[in-house]
Amino acid sequence: MPHQDYQSILDAAIHCAYECEHCANACLGSMPDCARVCTDCAQICWASASYMSRGSRFIPQVVRACIEICDACATECEKYPDNPHCQKCAQACRQASAEYKKVASVAGIA
């Protein structure tokens, strides 16, 4: 599948990675569990963007991990409704997970 077919997912992955990086930085010191899962999520989203941009044959495997990690990050960030950065991160993670699930359903791994 050409990389152009992944554009909406690629955009969601990059946005998620950006919001996760911001949230992780804001949570350092005060909320270490949130910072850790946000860092993990950012890393897998940046990696998935790379896999998708080159149309890798391993996209289905990466997407499976992305769904799990994005959902975990959103769940963690949703624990902090008074922190706007956590809420933005959770929203970006939920959106990315929804986009990844589209790939998963096409690949037959959902």
# chains A, B, ... in the order shown; residues from 1 in each chain; ligands from 1
>>> select_by_dssp(residues="chain A", states="alpha helix (DSSP H)", output="ChimeraX atom specification")
/A:7-27,32-53,59-77,84-107
>>> residues_around(residues="A:Gln95", least_positions_apart="5", cutoff="10 Å", atoms="only C-alpha atoms", output="list in words")
Ile9, Ala12, Ala13, His15, Cys16, Cys70, Asp71, Ala74, Cys89, Ala90, Tyr100 and Lys101 of chain A
>>> closest_residue(among="A:Ala92, A:Ile67, A:Glu78, A:Ala24", to="A:Asp11", atoms="only C-alpha atoms")
A:Ala92
>>> atom_distance(atom1="atom CA of A:Cys86", atom2="atom CA of A:Glu19")
8.6 Å
>>> closest_residue(among="A:Thr75, A:Ser105, A:Thr39, A:Gln91", to="A:Ala26", atoms="only C-alpha atoms")
A:Thr39
>>> residues_around(residues="A:Val37", least_positions_apart="4", cutoff="12 Å", atoms="only C-alpha atoms", output="short mmCIF file (atom, residue, chain, number, x, y, z; two decimals) with C-alpha atoms, in the first residue's frame")
data_model
loop_
_atom_site.label_atom_id
_atom_site.label_comp_id
_atom_site.auth_asym_id
_atom_site.auth_seq_id
_atom_site.Cartn_x
_atom_site.Cartn_y
_atom_site.Cartn_z
CA ALA A 17 3.53 12.00 19.35
CA CYS A 20 2.61 13.03 24.23
CA GLU A 21 6.05 14.67 24.20
CA CYS A 23 2.56 16.02 28.25
CA ALA A 24 5.55 13.91 29.30
CA ASN A 25 7.66 17.02 29.71
CA CYS A 27 4.48 15.68 33.97
CA LEU A 28 8.16 15.07 34.75
CA MET A 31 3.44 12.54 37.73
CA PRO A 32 6.13 10.02 36.75
CA ASP A 33 3.73 7.27 35.64
CA CYS A 41 3.46 6.52 23.34
CA ALA A 42 5.39 9.33 21.67
CA GLN A 43 8.17 6.94 20.69
CA ILE A 44 5.85 4.33 19.16
CA GLU A 68 -2.38 -0.83 22.88
CA ILE A 69 0.04 1.92 23.90
CA CYS A 70 -2.15 4.83 22.73
CA ASP A 71 -5.12 3.40 24.64
CA ALA A 72 -2.98 2.96 27.77
CA CYS A 73 -1.66 6.50 27.50
CA ALA A 74 -5.14 7.95 27.04
CA THR A 75 -6.38 6.02 30.07
CA GLU A 76 -3.50 7.32 32.18
CA CYS A 77 -3.92 10.92 31.05
CA CYS A 86 -3.12 15.61 29.91
CA CYS A 89 -2.77 14.18 25.14
CA ALA A 90 -5.64 11.81 25.93
CA CYS A 93 -4.16 9.31 21.80
#
>>> closest_residue(among="A:Lys102, A:Ile14, A:Asn83, A:Ser30", to="A:Pro60", atoms="only C-alpha atoms")
A:Lys102
>>> atom_distance(atom1="atom CA of A:Gln61", atom2="atom CA of A:Gln87")
27.7 Å
>>> closest_residue(among="A:Asp40, A:Gln7, A:His22, A:Glu99", to="A:Ser53", atoms="only C-alpha atoms")
A:Gln7
